Amino acid sequence: MNPVDPSKVYRLLYPMVPAILACSDRSLVYAMPVVSMVSLSNSPPLIGVASSPEHSPHQAIVSVRRFSLSWVDASMARALELLGTTPHDAVDKLHSAGLKHARGKSLDVPIVEGAVASLECTLYARQALGDHELLVGKVEDARASDDFNEYWRFQKYDPVLYAGIQEGAFKTYRPRPGA
């Protein structure tokens, strides 16, 4: 086996299914794709998201203490790329990436229209871990398309498989037909 730079071991975990992390603060909508997520507890339902404290969505979430996660399918991969490769300089980052959104059912958080699943979370805890911070959200509302019935059936949902920023470009992985 070849050596891997320890600061790049996260790339061994690719491809990953990204979600869109978002929040609103007054009239501003912050959003970015994230891949470092983990279910932390079933009771209470907690989910963790690793994020750099330098990102404006991270800072906004800490301020408003709530956020959403929306999963989209492969038809929205270009919007994910725009979210992940352009700076936050718009009033509504989701809209600037071509994504419509509505207010959550339980919390004042943006939920991407056409998402296959979404979570609405209150900020439960934060933990500094190296150059990132683990944002722990308590799930207040969870929704999924009818392709989810206790587990994903993948009859309609075609997930994005993010493979990293390679040679300056947002890369996704598509399985080979018949593979």
# chains A, B, ... in the order shown; residues from 1 in each chain; ligands from 1

$ residues_around --residues "Glu133 of chain A" --least-positions-apart "6" --cutoff "10 Å" --atoms "only C-alpha atoms" --output "count of residues only"
10

$ atom_distance --atom1 "atom CA of Ile20 of chain A" --atom2 "atom CA of Met76 of chain A"
11.1 Å

$ closest_atom_pairs --of "segment 56-95 of chain A" --to "segment 111-115 of chain A" --cutoff "8 Å" --atoms "only C-alpha atoms" --output "Markdown table"
| residue | atom | partner | partner_atom | distance |
| --- | --- | --- | --- | --- |
| A:Ser68 | CA | A:Ile111 | CA | 6.6 |
| A:Leu69 | CA | A:Ile111 | CA | 7.5 |
| A:Ser70 | CA | A:Ala115 | CA | 5.9 |
| A:Trp71 | CA | A:Ala115 | CA | 5.5 |
| A:Val72 | CA | A:Ala115 | CA | 4.6 |
| A:Asp73 | CA | A:Ala115 | CA | 7.3 |
| A:Leu94 | CA | A:Val112 | CA | 7.9 |

$ atom_distance --atom1 "atom CA of Glu140 of chain A" --atom2 "atom CA of Ala19 of chain A"
17.2 Å

$ select_by_dssp --residues "segment 116-149 of chain A" --states "strand (DSSP E or B)" --output "JSON, numbers by chain"
{"A": [117, 118, 119, 120, 121, 122, 123, 124, 125, 126, 127, 128, 129, 132, 133, 134, 135, 136, 137, 138, 139, 140, 141, 142, 143, 144, 148, 149]}

$ write_last_selection --atoms "N, CA and C atoms" --output "compact mmCIF listing (two decimals), in the first residue's frame"
# COMPACT_ATOMS: atom_id res chain seq x y z
N ALA A 117 -35.04 14.28 1.57
CA ALA A 117 -35.14 14.16 3.02
C ALA A 117 -34.67 15.47 3.65
N SER A 118 -35.17 15.73 4.85
CA SER A 118 -34.74 16.93 5.57
C SER A 118 -34.85 16.72 7.07
N LEU A 119 -33.98 17.43 7.76
CA LEU A 119 -34.01 17.48 9.23
C LEU A 119 -34.07 18.93 9.65
N GLU A 120 -34.82 19.20 10.70
CA GLU A 120 -34.84 20.51 11.33
C GLU A 120 -34.27 20.31 12.73
N CYS A 121 -33.22 21.07 13.05
CA CYS A 121 -32.49 20.82 14.30
C CYS A 121 -32.28 22.10 15.09
N THR A 122 -32.32 21.96 16.41
CA THR A 122 -31.85 23.02 17.28
C THR A 122 -30.43 22.68 17.68
N LEU A 123 -29.62 23.70 17.89
CA LEU A 123 -28.22 23.45 18.27
C LEU A 123 -28.18 22.97 19.71
N TYR A 124 -27.76 21.75 19.89
CA TYR A 124 -27.76 21.06 21.18
C TYR A 124 -26.43 21.24 21.90
N ALA A 125 -25.34 21.18 21.13
CA ALA A 125 -23.99 21.29 21.71
C ALA A 125 -23.00 21.60 20.60
N ARG A 126 -21.82 22.08 21.02
CA ARG A 126 -20.70 22.32 20.11
C ARG A 126 -19.46 21.77 20.77
N GLN A 127 -18.58 21.19 19.94
CA GLN A 127 -17.33 20.67 20.47
C GLN A 127 -16.21 20.96 19.49
N ALA A 128 -15.21 21.72 19.93
CA ALA A 128 -14.04 21.98 19.09
C ALA A 128 -13.25 20.69 18.94
N LEU A 129 -12.89 20.36 17.70
CA LEU A 129 -12.11 19.16 17.41
C LEU A 129 -11.09 19.53 16.32
N HIS A 132 -11.81 21.90 13.07
CA HIS A 132 -13.25 21.91 12.85
C HIS A 132 -13.98 21.92 14.20
N GLU A 133 -15.27 22.07 14.11
CA GLU A 133 -16.11 22.02 15.30
C GLU A 133 -17.27 21.08 15.00
N LEU A 134 -17.61 20.25 15.95
CA LEU A 134 -18.76 19.37 15.80
C LEU A 134 -19.99 20.14 16.29
N LEU A 135 -20.91 20.38 15.37
CA LEU A 135 -22.19 21.00 15.72
C LEU A 135 -23.16 19.85 15.95
N VAL A 136 -23.69 19.76 17.14
CA VAL A 136 -24.63 18.68 17.48
C VAL A 136 -26.03 19.27 17.46
N GLY A 137 -26.86 18.70 16.59
CA GLY A 137 -28.23 19.16 16.49
C GLY A 137 -29.20 18.17 17.08
N LYS A 138 -30.18 18.69 17.80
CA LYS A 138 -31.28 17.85 18.28
C LYS A 138 -32.35 17.91 17.20
N VAL A 139 -32.71 16.76 16.67
CA VAL A 139 -33.68 16.69 15.57
C VAL A 139 -35.07 16.98 16.13
N GLU A 140 -35.66 18.06 15.63
CA GLU A 140 -37.01 18.47 16.04
C GLU A 140 -38.06 18.01 15.03
N ASP A 141 -37.64 17.81 13.78
CA ASP A 141 -38.54 17.34 12.73
C ASP A 141 -37.71 16.62 11.68
N ALA A 142 -38.22 15.51 11.18
CA ALA A 142 -37.54 14.73 10.14
C ALA A 142 -38.59 14.32 9.11
N ARG A 143 -38.22 14.49 7.83
CA ARG A 143 -39.14 14.14 6.74
C ARG A 143 -38.37 13.47 5.63
N ALA A 144 -39.05 12.60 4.88
CA ALA A 144 -38.42 11.93 3.74
C ALA A 144 -39.47 11.65 2.67
N PHE A 148 -38.53 6.43 0.95
CA PHE A 148 -38.00 6.00 2.24
C PHE A 148 -39.13 5.35 3.02
N ASN A 149 -38.91 4.10 3.45
CA ASN A 149 -39.86 3.38 4.28
C ASN A 149 -39.04 2.60 5.30

$ decode --residues "segment 153-165 of chain A" --atoms "N, CA, C and O atoms" --output "PDB file, in the first residue's frame"
ATOM      1  N   ARG A 153     -35.227   2.800  -0.389  1.00  0.00           N
ATOM      2  CA  ARG A 153     -35.482   1.745  -1.372  1.00  0.00           C
ATOM      3  C   ARG A 153     -34.725   2.009  -2.673  1.00  0.00           C
ATOM      4  O   ARG A 153     -34.541   1.096  -3.467  1.00  0.00           O
ATOM      5  N   PHE A 154     -34.339   3.250  -2.925  1.00  0.00           N
ATOM      6  CA  PHE A 154     -33.600   3.656  -4.128  1.00  0.00           C
ATOM      7  C   PHE A 154     -34.353   3.334  -5.414  1.00  0.00           C
ATOM      8  O   PHE A 154     -33.753   3.041  -6.429  1.00  0.00           O
ATOM      9  N   GLN A 155     -35.671   3.404  -5.364  1.00  0.00           N
ATOM     10  CA  GLN A 155     -36.462   3.237  -6.575  1.00  0.00           C
ATOM     11  C   GLN A 155     -36.581   4.558  -7.319  1.00  0.00           C
ATOM     12  O   GLN A 155     -36.633   4.577  -8.543  1.00  0.00           O
ATOM     13  N   LYS A 156     -36.632   5.671  -6.583  1.00  0.00           N
ATOM     14  CA  LYS A 156     -36.717   7.008  -7.173  1.00  0.00           C
ATOM     15  C   LYS A 156     -35.500   7.853  -6.795  1.00  0.00           C
ATOM     16  O   LYS A 156     -35.056   8.666  -7.580  1.00  0.00           O
ATOM     17  N   TYR A 157     -35.005   7.671  -5.592  1.00  0.00           N
ATOM     18  CA  TYR A 157     -33.894   8.473  -5.078  1.00  0.00           C
ATOM     19  C   TYR A 157     -32.569   8.018  -5.683  1.00  0.00           C
ATOM     20  O   TYR A 157     -32.163   6.878  -5.510  1.00  0.00           O
ATOM     21  N   ASP A 158     -31.938   8.931  -6.417  1.00  0.00           N
ATOM     22  CA  ASP A 158     -30.634   8.702  -7.037  1.00  0.00           C
ATOM     23  C   ASP A 158     -29.648   9.609  -6.302  1.00  0.00           C
ATOM     24  O   ASP A 158     -29.493  10.781  -6.664  1.00  0.00           O
ATOM     25  N   PRO A 159     -28.988   9.119  -5.244  1.00  0.00           N
ATOM     26  CA  PRO A 159     -28.165  10.005  -4.416  1.00  0.00           C
ATOM     27  C   PRO A 159     -26.933  10.537  -5.144  1.00  0.00           C
ATOM     28  O   PRO A 159     -26.388   9.890  -6.033  1.00  0.00           O
ATOM     29  N   VAL A 160     -26.534  11.725  -4.740  1.00  0.00           N
ATOM     30  CA  VAL A 160     -25.269  12.287  -5.191  1.00  0.00           C
ATOM     31  C   VAL A 160     -24.179  11.589  -4.396  1.00  0.00           C
ATOM     32  O   VAL A 160     -24.277  11.453  -3.179  1.00  0.00           O
ATOM     33  N   LEU A 161     -23.131  11.142  -5.061  1.00  0.00           N
ATOM     34  CA  LEU A 161     -21.980  10.557  -4.392  1.00  0.00           C
ATOM     35  C   LEU A 161     -20.808  11.509  -4.623  1.00  0.00           C
ATOM     36  O   LEU A 161     -20.207  11.518  -5.692  1.00  0.00           O
ATOM     37  N   TYR A 162     -20.527  12.314  -3.615  1.00  0.00           N
ATOM     38  CA  TYR A 162     -19.480  13.338  -3.704  1.00  0.00           C
ATOM     39  C   TYR A 162     -18.107  12.687  -3.572  1.00  0.00           C
ATOM     40  O   TYR A 162     -17.877  11.885  -2.679  1.00  0.00           O
ATOM     41  N   ALA A 163     -17.204  13.043  -4.476  1.00  0.00           N
ATOM     42  CA  ALA A 163     -15.860  12.451  -4.489  1.00  0.00           C
ATOM     43  C   ALA A 163     -14.765  13.473  -4.216  1.00  0.00           C
ATOM     44  O   ALA A 163     -13.594  13.183  -4.413  1.00  0.00           O
ATOM     45  N   GLY A 164     -15.117  14.683  -3.774  1.00  0.00           N
ATOM     46  CA  GLY A 164     -14.127  15.687  -3.405  1.00  0.00           C
ATOM     47  C   GLY A 164     -13.909  16.746  -4.468  1.00  0.00           C
ATOM     48  O   GLY A 164     -14.401  16.653  -5.586  1.00  0.00           O
ATOM     49  N   ILE A 165     -13.142  17.769  -4.095  1.00  0.00           N
ATOM     50  CA  ILE A 165     -12.714  18.797  -5.038  1.00  0.00           C
ATOM     51  C   ILE A 165     -11.400  18.286  -5.628  1.00  0.00           C
ATOM     52  O   ILE A 165     -10.399  18.199  -4.922  1.00  0.00           O
TER      53      ILE A 165
END
